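Structure, as structure tokens:
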Amino acid sequence: MFDFEKLDVYQVVKEQNNKVLQFLNNNSKIDPMLSNHWKQSSLKSVLNLAEGTGRKNTSEKKEFLTAARGNIFESATILQIAKDLGYIDEDRYTEFYEGYEKASKMLLGMFRSYNKREQQYQTTEKNYNNI
């Protein structure tokens, strides 16, 4: 099992991605350009999360988490446009929106935990250098 597969946030983002891709593949009335862009941003969110997990450097990990969260924001924006254009009903919209919101919050929490670790490491290193 890969490290990223053990993360709760990965499972949430992957599940959201699967739901969206299934919806888009079964819905031919959505504009193809909008559908393709939504698929790409959805896939990028889970791929950036997985790739970032594999990085050793904390700042690189944070960059990929930021990119994944940006992809979530992009997907949520496309979702809103799809709703405004009548491509998606209110129930499905709410389900997808809540999934994106949950994923975004989890990614932000993970980002903040990396920040906290960096600060603790810097404090420890500074104290060690002062000895």
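Lettering and numbering for the structure tokens are positional, with chains as A, B, ... in the shown order, residues counted from 1 in each chain, and ligands counted from 1 in the shown order.
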>> I'd like the neighbourhood of A:Thr58 as a list in words, where a residue qualifies if any of its atoms comes within 10 Å (using only C-alpha atoms), though same-chain residues fewer than 6 positions away should be ignored.
In response: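 Answer for this query is Gly52, Phe111, Tyr114, Asn115, Arg117 and Glu118 of chain A.
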>> List as a ChimeraX atom specification the protein and nucleic acid residues near A:Ser42, meaning an atom at most 8 Å away when only C-alpha atoms are counted, but skip any in the same chain fewer than 6 places from it.
In response: /A:17,20,71-72,75
Please, could you write that set of residues out with C-alpha atoms as a compact mmCIF listing (two decimals), in the first residue's frame?
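The new file result.txt reads:
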```
# COMPACT_ATOMS: atom_id res chain seq x y z
CA ASN A 17 -13.41 12.35 -7.97
CA VAL A 20 -17.90 13.38 -10.44
CA ASN A 71 -7.99 22.12 -8.25
CA ILE A 72 -10.78 21.58 -5.72
CA SER A 75 -13.89 22.04 -9.66
```
> For A:Ala82, which residue among A:Gln119, A:Ser45, A:Asn57, A:Ser35 is the nearest when counting only C-alpha atoms?
Replying inline: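 Result for the nearest residue to A:Ala82: A:Ser35.
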Quick one: DSSP alpha helix (DSSP H) residues in chain A, as a PDB file with N, CA and C atoms, in the first residue's frame?
```pdb
ATOM      1  N   ASP A   8      -6.840   9.755   5.134  1.00  0.00           N
ATOM      2  CA  ASP A   8      -8.290   9.974   5.063  1.00  0.00           C
ATOM      3  C   ASP A   8      -8.632  10.979   3.972  1.00  0.00           C
ATOM      4  N   VAL A   9      -7.821  12.020   3.853  1.00  0.00           N
ATOM      5  CA  VAL A   9      -8.087  13.050   2.853  1.00  0.00           C
ATOM      6  C   VAL A   9      -7.993  12.468   1.442  1.00  0.00           C
ATOM      7  N   TYR A  10      -7.074  11.553   1.220  1.00  0.00           N
ATOM      8  CA  TYR A  10      -6.972  10.910  -0.096  1.00  0.00           C
ATOM      9  C   TYR A  10      -8.257  10.136  -0.406  1.00  0.00           C
ATOM     10  N   GLN A  11      -8.759   9.403   0.566  1.00  0.00           N
ATOM     11  CA  GLN A  11      -9.974   8.627   0.357  1.00  0.00           C
ATOM     12  C   GLN A  11     -11.158   9.538   0.031  1.00  0.00           C
ATOM     13  N   VAL A  12     -11.245  10.679   0.714  1.00  0.00           N
ATOM     14  CA  VAL A  12     -12.336  11.634   0.461  1.00  0.00           C
ATOM     15  C   VAL A  12     -12.212  12.225  -0.938  1.00  0.00           C
ATOM     16  N   VAL A  13     -11.010  12.667  -1.306  1.00  0.00           N
ATOM     17  CA  VAL A  13     -10.805  13.288  -2.615  1.00  0.00           C
ATOM     18  C   VAL A  13     -11.015  12.260  -3.731  1.00  0.00           C
ATOM     19  N   LYS A  14     -10.535  11.042  -3.536  1.00  0.00           N
ATOM     20  CA  LYS A  14     -10.704   9.992  -4.542  1.00  0.00           C
ATOM     21  C   LYS A  14     -12.184   9.656  -4.728  1.00  0.00           C
ATOM     22  N   GLU A  15     -12.914   9.521  -3.626  1.00  0.00           N
ATOM     23  CA  GLU A  15     -14.348   9.219  -3.710  1.00  0.00           C
ATOM     24  C   GLU A  15     -15.096  10.341  -4.431  1.00  0.00           C
ATOM     25  N   GLN A  16     -14.767  11.578  -4.098  1.00  0.00           N
ATOM     26  CA  GLN A  16     -15.393  12.725  -4.764  1.00  0.00           C
ATOM     27  C   GLN A  16     -15.084  12.686  -6.258  1.00  0.00           C
ATOM     28  N   ASN A  17     -13.838  12.427  -6.584  1.00  0.00           N
ATOM     29  CA  ASN A  17     -13.408  12.346  -7.969  1.00  0.00           C
ATOM     30  C   ASN A  17     -14.190  11.262  -8.720  1.00  0.00           C
ATOM     31  N   ASN A  18     -14.327  10.104  -8.110  1.00  0.00           N
ATOM     32  CA  ASN A  18     -15.050   9.000  -8.758  1.00  0.00           C
ATOM     33  C   ASN A  18     -16.512   9.348  -9.004  1.00  0.00           C
ATOM     34  N   LYS A  19     -17.149  10.003  -8.023  1.00  0.00           N
ATOM     35  CA  LYS A  19     -18.549  10.401  -8.187  1.00  0.00           C
ATOM     36  C   LYS A  19     -18.709  11.384  -9.345  1.00  0.00           C
ATOM     37  N   VAL A  20     -17.824  12.361  -9.389  1.00  0.00           N
ATOM     38  CA  VAL A  20     -17.900  13.382 -10.435  1.00  0.00           C
ATOM     39  C   VAL A  20     -17.649  12.768 -11.806  1.00  0.00           C
ATOM     40  N   LEU A  21     -16.620  11.934 -11.915  1.00  0.00           N
ATOM     41  CA  LEU A  21     -16.311  11.323 -13.214  1.00  0.00           C
ATOM     42  C   LEU A  21     -17.457  10.422 -13.686  1.00  0.00           C
ATOM     43  N   GLN A  22     -18.044   9.684 -12.771  1.00  0.00           N
ATOM     44  CA  GLN A  22     -19.189   8.837 -13.122  1.00  0.00           C
ATOM     45  C   GLN A  22     -20.360   9.687 -13.612  1.00  0.00           C
ATOM     46  N   PHE A  23     -20.623  10.777 -12.893  1.00  0.00           N
ATOM     47  CA  PHE A  23     -21.701  11.688 -13.287  1.00  0.00           C
ATOM     48  C   PHE A  23     -21.445  12.255 -14.680  1.00  0.00           C
ATOM     49  N   LEU A  24     -20.225  12.723 -14.917  1.00  0.00           N
ATOM     50  CA  LEU A  24     -19.902  13.338 -16.204  1.00  0.00           C
ATOM     51  C   LEU A  24     -19.941  12.325 -17.352  1.00  0.00           C
ATOM     52  N   ASN A  25     -19.492  11.118 -17.096  1.00  0.00           N
ATOM     53  CA  ASN A  25     -19.513  10.088 -18.142  1.00  0.00           C
ATOM     54  C   ASN A  25     -20.928   9.651 -18.492  1.00  0.00           C
ATOM     55  N   PRO A  32     -19.327  19.723 -23.770  1.00  0.00           N
ATOM     56  CA  PRO A  32     -18.120  18.891 -23.745  1.00  0.00           C
ATOM     57  C   PRO A  32     -16.879  19.625 -23.216  1.00  0.00           C
ATOM     58  N   MET A  33     -16.725  20.896 -23.561  1.00  0.00           N
ATOM     59  CA  MET A  33     -15.574  21.651 -23.080  1.00  0.00           C
ATOM     60  C   MET A  33     -15.623  21.804 -21.552  1.00  0.00           C
ATOM     61  N   LEU A  34     -16.788  22.119 -21.043  1.00  0.00           N
ATOM     62  CA  LEU A  34     -16.967  22.259 -19.598  1.00  0.00           C
ATOM     63  C   LEU A  34     -16.743  20.909 -18.904  1.00  0.00           C
ATOM     64  N   SER A  35     -17.287  19.862 -19.469  1.00  0.00           N
ATOM     65  CA  SER A  35     -17.120  18.524 -18.919  1.00  0.00           C
ATOM     66  C   SER A  35     -15.648  18.110 -18.883  1.00  0.00           C
ATOM     67  N   ASN A  36     -14.947  18.330 -19.974  1.00  0.00           N
ATOM     68  CA  ASN A  36     -13.520  17.965 -20.023  1.00  0.00           C
ATOM     69  C   ASN A  36     -12.691  18.743 -19.015  1.00  0.00           C
ATOM     70  N   HIS A  37     -12.982  20.028 -18.891  1.00  0.00           N
ATOM     71  CA  HIS A  37     -12.229  20.841 -17.933  1.00  0.00           C
ATOM     72  C   HIS A  37     -12.516  20.382 -16.501  1.00  0.00           C
ATOM     73  N   TRP A  38     -13.757  20.043 -16.239  1.00  0.00           N
ATOM     74  CA  TRP A  38     -14.143  19.555 -14.915  1.00  0.00           C
ATOM     75  C   TRP A  38     -13.438  18.237 -14.611  1.00  0.00           C
ATOM     76  N   LYS A  39     -13.402  17.335 -15.598  1.00  0.00           N
ATOM     77  CA  LYS A  39     -12.694  16.067 -15.422  1.00  0.00           C
ATOM     78  C   LYS A  39     -11.219  16.302 -15.112  1.00  0.00           C
ATOM     79  N   GLN A  40     -10.606  17.200 -15.854  1.00  0.00           N
ATOM     80  CA  GLN A  40      -9.177  17.478 -15.650  1.00  0.00           C
ATOM     81  C   GLN A  40      -8.906  18.051 -14.268  1.00  0.00           C
ATOM     82  N   SER A  41      -9.691  19.029 -13.857  1.00  0.00           N
ATOM     83  CA  SER A  41      -9.447  19.641 -12.545  1.00  0.00           C
ATOM     84  C   SER A  41      -9.727  18.649 -11.424  1.00  0.00           C
ATOM     85  N   SER A  42     -10.721  17.798 -11.615  1.00  0.00           N
ATOM     86  CA  SER A  42     -11.032  16.782 -10.617  1.00  0.00           C
ATOM     87  C   SER A  42      -9.888  15.779 -10.502  1.00  0.00           C
ATOM     88  N   LEU A  43      -9.413  15.301 -11.630  1.00  0.00           N
ATOM     89  CA  LEU A  43      -8.287  14.355 -11.620  1.00  0.00           C
ATOM     90  C   LEU A  43      -7.023  14.976 -11.040  1.00  0.00           C
ATOM     91  N   LYS A  44      -6.768  16.224 -11.390  1.00  0.00           N
ATOM     92  CA  LYS A  44      -5.570  16.895 -10.877  1.00  0.00           C
ATOM     93  C   LYS A  44      -5.593  16.998  -9.360  1.00  0.00           C
ATOM     94  N   SER A  45      -6.774  17.152  -8.774  1.00  0.00           N
ATOM     95  CA  SER A  45      -6.840  17.283  -7.316  1.00  0.00           C
ATOM     96  C   SER A  45      -6.315  16.021  -6.642  1.00  0.00           C
ATOM     97  N   VAL A  46      -6.744  14.877  -7.095  1.00  0.00           N
ATOM     98  CA  VAL A  46      -6.316  13.626  -6.474  1.00  0.00           C
ATOM     99  C   VAL A  46      -4.870  13.292  -6.865  1.00  0.00           C
ATOM    100  N   LEU A  47      -4.481  13.630  -8.078  1.00  0.00           N
ATOM    101  CA  LEU A  47      -3.110  13.342  -8.519  1.00  0.00           C
ATOM    102  C   LEU A  47      -2.087  14.220  -7.800  1.00  0.00           C
ATOM    103  N   ASN A  48      -2.411  15.492  -7.616  1.00  0.00           N
ATOM    104  CA  ASN A  48      -1.491  16.373  -6.880  1.00  0.00           C
ATOM    105  C   ASN A  48      -1.341  15.946  -5.427  1.00  0.00           C
ATOM    106  N   LEU A  49      -2.435  15.508  -4.826  1.00  0.00           N
ATOM    107  CA  LEU A  49      -2.370  15.021  -3.455  1.00  0.00           C
ATOM    108  C   LEU A  49      -1.460  13.805  -3.373  1.00  0.00           C
ATOM    109  N   ALA A  50      -1.639  12.861  -4.279  1.00  0.00           N
ATOM    110  CA  ALA A  50      -0.820  11.643  -4.272  1.00  0.00           C
ATOM    111  C   ALA A  50       0.650  11.973  -4.522  1.00  0.00           C
ATOM    112  N   GLU A  51       0.913  12.822  -5.498  1.00  0.00           N
ATOM    113  CA  GLU A  51       2.307  13.163  -5.805  1.00  0.00           C
ATOM    114  C   GLU A  51       2.962  13.907  -4.652  1.00  0.00           C
ATOM    115  N   GLY A  52       2.242  14.818  -4.039  1.00  0.00           N
ATOM    116  CA  GLY A  52       2.790  15.564  -2.915  1.00  0.00           C
ATOM    117  C   GLY A  52       3.141  14.681  -1.740  1.00  0.00           C
ATOM    118  N   THR A  53       2.352  13.645  -1.535  1.00  0.00           N
ATOM    119  CA  THR A  53       2.605  12.712  -0.435  1.00  0.00           C
ATOM    120  C   THR A  53       3.935  12.001  -0.628  1.00  0.00           C
ATOM    121  N   THR A  58       9.302  19.134   2.850  1.00  0.00           N
ATOM    122  CA  THR A  58       8.028  19.662   3.338  1.00  0.00           C
ATOM    123  C   THR A  58       7.497  20.789   2.460  1.00  0.00           C
ATOM    124  N   SER A  59       8.381  21.660   1.985  1.00  0.00           N
ATOM    125  CA  SER A  59       7.897  22.765   1.152  1.00  0.00           C
ATOM    126  C   SER A  59       7.337  22.239  -0.167  1.00  0.00           C
ATOM    127  N   GLU A  60       7.922  21.171  -0.707  1.00  0.00           N
ATOM    128  CA  GLU A  60       7.366  20.561  -1.923  1.00  0.00           C
ATOM    129  C   GLU A  60       6.008  19.927  -1.631  1.00  0.00           C
ATOM    130  N   LYS A  61       5.904  19.251  -0.496  1.00  0.00           N
ATOM    131  CA  LYS A  61       4.625  18.649  -0.111  1.00  0.00           C
ATOM    132  C   LYS A  61       3.543  19.724  -0.062  1.00  0.00           C
ATOM    133  N   LYS A  62       3.878  20.851   0.551  1.00  0.00           N
ATOM    134  CA  LYS A  62       2.912  21.941   0.692  1.00  0.00           C
ATOM    135  C   LYS A  62       2.521  22.521  -0.662  1.00  0.00           C
ATOM    136  N   GLU A  63       3.464  22.592  -1.594  1.00  0.00           N
ATOM    137  CA  GLU A  63       3.156  23.097  -2.934  1.00  0.00           C
ATOM    138  C   GLU A  63       2.123  22.206  -3.626  1.00  0.00           C
ATOM    139  N   PHE A  64       2.299  20.894  -3.503  1.00  0.00           N
ATOM    140  CA  PHE A  64       1.348  19.979  -4.131  1.00  0.00           C
ATOM    141  C   PHE A  64      -0.009  20.011  -3.430  1.00  0.00           C
ATOM    142  N   LEU A  65      -0.011  20.181  -2.114  1.00  0.00           N
ATOM    143  CA  LEU A  65      -1.283  20.319  -1.395  1.00  0.00           C
ATOM    144  C   LEU A  65      -2.005  21.588  -1.826  1.00  0.00           C
ATOM    145  N   THR A  66      -1.254  22.656  -2.001  1.00  0.00           N
ATOM    146  CA  THR A  66      -1.829  23.916  -2.466  1.00  0.00           C
ATOM    147  C   THR A  66      -2.414  23.746  -3.859  1.00  0.00           C
ATOM    148  N   ALA A  67      -1.693  23.047  -4.719  1.00  0.00           N
ATOM    149  CA  ALA A  67      -2.192  22.797  -6.075  1.00  0.00           C
ATOM    150  C   ALA A  67      -3.458  21.940  -6.031  1.00  0.00           C
ATOM    151  N   ALA A  68      -3.459  20.904  -5.194  1.00  0.00           N
ATOM    152  CA  ALA A  68      -4.641  20.038  -5.071  1.00  0.00           C
ATOM    153  C   ALA A  68      -5.846  20.847  -4.594  1.00  0.00           C
ATOM    154  N   ARG A  69      -5.618  21.718  -3.633  1.00  0.00           N
ATOM    155  CA  ARG A  69      -6.715  22.543  -3.113  1.00  0.00           C
ATOM    156  C   ARG A  69      -7.192  23.528  -4.176  1.00  0.00           C
ATOM    157  N   GLY A  70      -6.262  24.054  -4.948  1.00  0.00           N
ATOM    158  CA  GLY A  70      -6.636  24.928  -6.069  1.00  0.00           C
ATOM    159  C   GLY A  70      -7.500  24.195  -7.081  1.00  0.00           C
ATOM    160  N   ASN A  71      -7.178  22.936  -7.342  1.00  0.00           N
ATOM    161  CA  ASN A  71      -7.988  22.121  -8.250  1.00  0.00           C
ATOM    162  C   ASN A  71      -9.389  21.881  -7.685  1.00  0.00           C
ATOM    163  N   ILE A  72      -9.476  21.726  -6.374  1.00  0.00           N
ATOM    164  CA  ILE A  72     -10.782  21.576  -5.722  1.00  0.00           C
ATOM    165  C   ILE A  72     -11.596  22.854  -5.925  1.00  0.00           C
ATOM    166  N   PHE A  73     -10.963  24.008  -5.733  1.00  0.00           N
ATOM    167  CA  PHE A  73     -11.653  25.290  -5.931  1.00  0.00           C
ATOM    168  C   PHE A  73     -12.128  25.421  -7.383  1.00  0.00           C
ATOM    169  N   GLU A  74     -11.261  25.024  -8.302  1.00  0.00           N
ATOM    170  CA  GLU A  74     -11.599  25.078  -9.724  1.00  0.00           C
ATOM    171  C   GLU A  74     -12.809  24.179 -10.007  1.00  0.00           C
ATOM    172  N   SER A  75     -12.786  22.982  -9.457  1.00  0.00           N
ATOM    173  CA  SER A  75     -13.892  22.042  -9.660  1.00  0.00           C
ATOM    174  C   SER A  75     -15.195  22.578  -9.067  1.00  0.00           C
ATOM    175  N   ALA A  76     -15.113  23.191  -7.894  1.00  0.00           N
ATOM    176  CA  ALA A  76     -16.312  23.760  -7.255  1.00  0.00           C
ATOM    177  C   ALA A  76     -16.880  24.902  -8.101  1.00  0.00           C
ATOM    178  N   THR A  77     -16.005  25.666  -8.725  1.00  0.00           N
ATOM    179  CA  THR A  77     -16.455  26.759  -9.592  1.00  0.00           C
ATOM    180  C   THR A  77     -17.172  26.204 -10.821  1.00  0.00           C
ATOM    181  N   ILE A  78     -16.603  25.160 -11.413  1.00  0.00           N
ATOM    182  CA  ILE A  78     -17.245  24.537 -12.574  1.00  0.00           C
ATOM    183  C   ILE A  78     -18.583  23.934 -12.163  1.00  0.00           C
ATOM    184  N   LEU A  79     -18.640  23.335 -10.989  1.00  0.00           N
ATOM    185  CA  LEU A  79     -19.892  22.799 -10.464  1.00  0.00           C
ATOM    186  C   LEU A  79     -20.958  23.891 -10.394  1.00  0.00           C
ATOM    187  N   GLN A  80     -20.585  25.054  -9.882  1.00  0.00           N
ATOM    188  CA  GLN A  80     -21.534  26.157  -9.767  1.00  0.00           C
ATOM    189  C   GLN A  80     -22.018  26.618 -11.141  1.00  0.00           C
ATOM    190  N   ILE A  81     -21.108  26.671 -12.094  1.00  0.00           N
ATOM    191  CA  ILE A  81     -21.485  27.061 -13.463  1.00  0.00           C
ATOM    192  C   ILE A  81     -22.440  26.028 -14.053  1.00  0.00           C
ATOM    193  N   ALA A  82     -22.126  24.742 -13.844  1.00  0.00           N
ATOM    194  CA  ALA A  82     -22.996  23.674 -14.352  1.00  0.00           C
ATOM    195  C   ALA A  82     -24.401  23.789 -13.756  1.00  0.00           C
ATOM    196  N   LYS A  83     -24.478  24.145 -12.489  1.00  0.00           N
ATOM    197  CA  LYS A  83     -25.788  24.322 -11.846  1.00  0.00           C
ATOM    198  C   LYS A  83     -26.516  25.527 -12.450  1.00  0.00           C
ATOM    199  N   ASP A  84     -25.784  26.625 -12.595  1.00  0.00           N
ATOM    200  CA  ASP A  84     -26.388  27.837 -13.155  1.00  0.00           C
ATOM    201  C   ASP A  84     -26.933  27.602 -14.566  1.00  0.00           C
ATOM    202  N   GLU A  90     -30.420  20.178  -7.967  1.00  0.00           N
ATOM    203  CA  GLU A  90     -30.060  20.741  -6.658  1.00  0.00           C
ATOM    204  C   GLU A  90     -29.471  19.687  -5.708  1.00  0.00           C
ATOM    205  N   ASP A  91     -30.043  18.494  -5.686  1.00  0.00           N
ATOM    206  CA  ASP A  91     -29.552  17.443  -4.778  1.00  0.00           C
ATOM    207  C   ASP A  91     -28.129  17.023  -5.127  1.00  0.00           C
ATOM    208  N   ARG A  92     -27.884  16.791  -6.408  1.00  0.00           N
ATOM    209  CA  ARG A  92     -26.540  16.385  -6.843  1.00  0.00           C
ATOM    210  C   ARG A  92     -25.551  17.521  -6.615  1.00  0.00           C
ATOM    211  N   TYR A  93     -26.003  18.748  -6.893  1.00  0.00           N
ATOM    212  CA  TYR A  93     -25.153  19.917  -6.655  1.00  0.00           C
ATOM    213  C   TYR A  93     -24.716  19.967  -5.187  1.00  0.00           C
ATOM    214  N   THR A  94     -25.666  19.815  -4.285  1.00  0.00           N
ATOM    215  CA  THR A  94     -25.369  19.873  -2.850  1.00  0.00           C
ATOM    216  C   THR A  94     -24.411  18.762  -2.445  1.00  0.00           C
ATOM    217  N   GLU A  95     -24.643  17.560  -2.954  1.00  0.00           N
ATOM    218  CA  GLU A  95     -23.757  16.432  -2.650  1.00  0.00           C
ATOM    219  C   GLU A  95     -22.322  16.721  -3.099  1.00  0.00           C
ATOM    220  N   PHE A  96     -22.156  17.185  -4.331  1.00  0.00           N
ATOM    221  CA  PHE A  96     -20.817  17.476  -4.852  1.00  0.00           C
ATOM    222  C   PHE A  96     -20.184  18.665  -4.121  1.00  0.00           C
ATOM    223  N   TYR A  97     -20.991  19.700  -3.883  1.00  0.00           N
ATOM    224  CA  TYR A  97     -20.468  20.890  -3.208  1.00  0.00           C
ATOM    225  C   TYR A  97     -19.944  20.539  -1.817  1.00  0.00           C
ATOM    226  N   GLU A  98     -20.714  19.770  -1.078  1.00  0.00           N
ATOM    227  CA  GLU A  98     -20.297  19.373   0.270  1.00  0.00           C
ATOM    228  C   GLU A  98     -19.038  18.506   0.222  1.00  0.00           C
ATOM    229  N   GLY A  99     -18.915  17.666  -0.786  1.00  0.00           N
ATOM    230  CA  GLY A  99     -17.705  16.856  -0.952  1.00  0.00           C
ATOM    231  C   GLY A  99     -16.492  17.724  -1.213  1.00  0.00           C
ATOM    232  N   TYR A 100     -16.642  18.729  -2.070  1.00  0.00           N
ATOM    233  CA  TYR A 100     -15.526  19.645  -2.344  1.00  0.00           C
ATOM    234  C   TYR A 100     -15.156  20.446  -1.100  1.00  0.00           C
ATOM    235  N   GLU A 101     -16.167  20.881  -0.371  1.00  0.00           N
ATOM    236  CA  GLU A 101     -15.913  21.658   0.845  1.00  0.00           C
ATOM    237  C   GLU A 101     -15.155  20.818   1.877  1.00  0.00           C
ATOM    238  N   LYS A 102     -15.564  19.581   2.058  1.00  0.00           N
ATOM    239  CA  LYS A 102     -14.892  18.684   2.997  1.00  0.00           C
ATOM    240  C   LYS A 102     -13.447  18.446   2.568  1.00  0.00           C
ATOM    241  N   ALA A 103     -13.233  18.177   1.297  1.00  0.00           N
ATOM    242  CA  ALA A 103     -11.884  17.937   0.783  1.00  0.00           C
ATOM    243  C   ALA A 103     -11.009  19.169   0.978  1.00  0.00           C
ATOM    244  N   SER A 104     -11.554  20.338   0.706  1.00  0.00           N
ATOM    245  CA  SER A 104     -10.806  21.576   0.857  1.00  0.00           C
ATOM    246  C   SER A 104     -10.357  21.792   2.300  1.00  0.00           C
ATOM    247  N   LYS A 105     -11.274  21.566   3.230  1.00  0.00           N
ATOM    248  CA  LYS A 105     -10.948  21.739   4.646  1.00  0.00           C
ATOM    249  C   LYS A 105      -9.891  20.735   5.099  1.00  0.00           C
ATOM    250  N   MET A 106      -9.991  19.514   4.614  1.00  0.00           N
ATOM    251  CA  MET A 106      -9.010  18.493   4.998  1.00  0.00           C
ATOM    252  C   MET A 106      -7.625  18.820   4.429  1.00  0.00           C
ATOM    253  N   LEU A 107      -7.590  19.285   3.187  1.00  0.00           N
ATOM    254  CA  LEU A 107      -6.307  19.667   2.583  1.00  0.00           C
ATOM    255  C   LEU A 107      -5.684  20.848   3.325  1.00  0.00           C
ATOM    256  N   LEU A 108      -6.520  21.810   3.714  1.00  0.00           N
ATOM    257  CA  LEU A 108      -6.018  22.951   4.474  1.00  0.00           C
ATOM    258  C   LEU A 108      -5.465  22.498   5.822  1.00  0.00           C
ATOM    259  N   GLY A 109      -6.156  21.577   6.476  1.00  0.00           N
ATOM    260  CA  GLY A 109      -5.675  21.039   7.747  1.00  0.00           C
ATOM    261  C   GLY A 109      -4.337  20.343   7.587  1.00  0.00           C
ATOM    262  N   MET A 110      -4.182  19.592   6.522  1.00  0.00           N
ATOM    263  CA  MET A 110      -2.919  18.904   6.257  1.00  0.00           C
ATOM    264  C   MET A 110      -1.808  19.919   6.000  1.00  0.00           C
ATOM    265  N   PHE A 111      -2.113  20.953   5.222  1.00  0.00           N
ATOM    266  CA  PHE A 111      -1.148  22.022   4.946  1.00  0.00           C
ATOM    267  C   PHE A 111      -0.697  22.673   6.254  1.00  0.00           C
ATOM    268  N   ARG A 112      -1.656  22.979   7.109  1.00  0.00           N
ATOM    269  CA  ARG A 112      -1.330  23.625   8.388  1.00  0.00           C
ATOM    270  C   ARG A 112      -0.495  22.715   9.284  1.00  0.00           C
ATOM    271  N   SER A 113      -0.733  21.417   9.221  1.00  0.00           N
ATOM    272  CA  SER A 113       0.079  20.496  10.031  1.00  0.00           C
ATOM    273  C   SER A 113       1.524  20.487   9.550  1.00  0.00           C
ATOM    274  N   TYR A 114       1.732  20.607   8.241  1.00  0.00           N
ATOM    275  CA  TYR A 114       3.100  20.706   7.718  1.00  0.00           C
ATOM    276  C   TYR A 114       3.750  22.014   8.163  1.00  0.00           C
ATOM    277  N   ASN A 115       2.972  23.097   8.171  1.00  0.00           N
ATOM    278  CA  ASN A 115       3.493  24.382   8.659  1.00  0.00           C
ATOM    279  C   ASN A 115       3.936  24.269  10.111  1.00  0.00           C
ATOM    280  N   LYS A 116       3.105  23.622  10.910  1.00  0.00           N
ATOM    281  CA  LYS A 116       3.404  23.460  12.338  1.00  0.00           C
ATOM    282  C   LYS A 116       4.684  22.649  12.525  1.00  0.00           C
ATOM    283  N   ARG A 117       4.817  21.577  11.766  1.00  0.00           N
ATOM    284  CA  ARG A 117       6.038  20.756  11.848  1.00  0.00           C
ATOM    285  C   ARG A 117       7.274  21.550  11.460  1.00  0.00           C
ATOM    286  N   GLU A 118       7.146  22.355  10.408  1.00  0.00           N
ATOM    287  CA  GLU A 118       8.274  23.185   9.968  1.00  0.00           C
ATOM    288  C   GLU A 118       8.680  24.165  11.063  1.00  0.00           C
ATOM    289  N   GLN A 119       7.698  24.785  11.684  1.00  0.00           N
ATOM    290  CA  GLN A 119       7.985  25.753  12.747  1.00  0.00           C
ATOM    291  C   GLN A 119       8.647  25.075  13.937  1.00  0.00           C
ATOM    292  N   GLN A 120       8.164  23.897  14.303  1.00  0.00           N
ATOM    293  CA  GLN A 120       8.768  23.156  15.414  1.00  0.00           C
ATOM    294  C   GLN A 120      10.194  22.763  15.083  1.00  0.00           C
ATOM    295  N   TYR A 121      10.429  22.336  13.863  1.00  0.00           N
ATOM    296  CA  TYR A 121      11.770  21.949  13.438  1.00  0.00           C
ATOM    297  C   TYR A 121      12.706  23.153  13.474  1.00  0.00           C
ATOM    298  N   GLN A 122      12.232  24.295  12.983  1.00  0.00           N
ATOM    299  CA  GLN A 122      13.053  25.503  12.972  1.00  0.00           C
ATOM    300  C   GLN A 122      13.376  25.961  14.386  1.00  0.00           C
ATOM    301  N   THR A 123      12.403  25.868  15.291  1.00  0.00           N
ATOM    302  CA  THR A 123      12.624  26.245  16.684  1.00  0.00           C
ATOM    303  C   THR A 123      13.646  25.318  17.326  1.00  0.00           C
ATOM    304  N   THR A 124      13.508  24.029  17.084  1.00  0.00           N
ATOM    305  CA  THR A 124      14.446  23.044  17.635  1.00  0.00           C
ATOM    306  C   THR A 124      15.843  23.274  17.082  1.00  0.00           C
ATOM    307  N   GLU A 125      15.930  23.515  15.789  1.00  0.00           N
ATOM    308  CA  GLU A 125      17.222  23.761  15.150  1.00  0.00           C
ATOM    309  C   GLU A 125      17.864  25.034  15.687  1.00  0.00           C
ATOM    310  N   LYS A 126      17.051  26.071  15.880  1.00  0.00           N
ATOM    311  CA  LYS A 126      17.565  27.344  16.410  1.00  0.00           C
ATOM    312  C   LYS A 126      18.081  27.149  17.834  1.00  0.00           C
ATOM    313  N   ASN A 127      17.326  26.428  18.663  1.00  0.00           N
ATOM    314  CA  ASN A 127      17.759  26.168  20.034  1.00  0.00           C
ATOM    315  C   ASN A 127      19.037  25.339  20.058  1.00  0.00           C
ATOM    316  N   TYR A 128      19.144  24.396  19.170  1.00  0.00           N
ATOM    317  CA  TYR A 128      20.332  23.543  19.095  1.00  0.00           C
ATOM    318  C   TYR A 128      21.560  24.373  18.701  1.00  0.00           C
ATOM    319  N   ASN A 129      21.369  25.300  17.773  1.00  0.00           N
ATOM    320  CA  ASN A 129      22.472  26.140  17.308  1.00  0.00           C
ATOM    321  C   ASN A 129      22.938  27.136  18.390  1.00  0.00           C
TER     322      ASN A 129
END
```
>> So that I can check the surroundings of A:Asp3, please list as a PyMOL selection string every protein, DNA and RNA residue that reaches within 8 Å of it, counting only C-alpha atoms and ignoring chain neighbours fewer than 3 positions away.
In response: chain A and resi 6-7+53-54
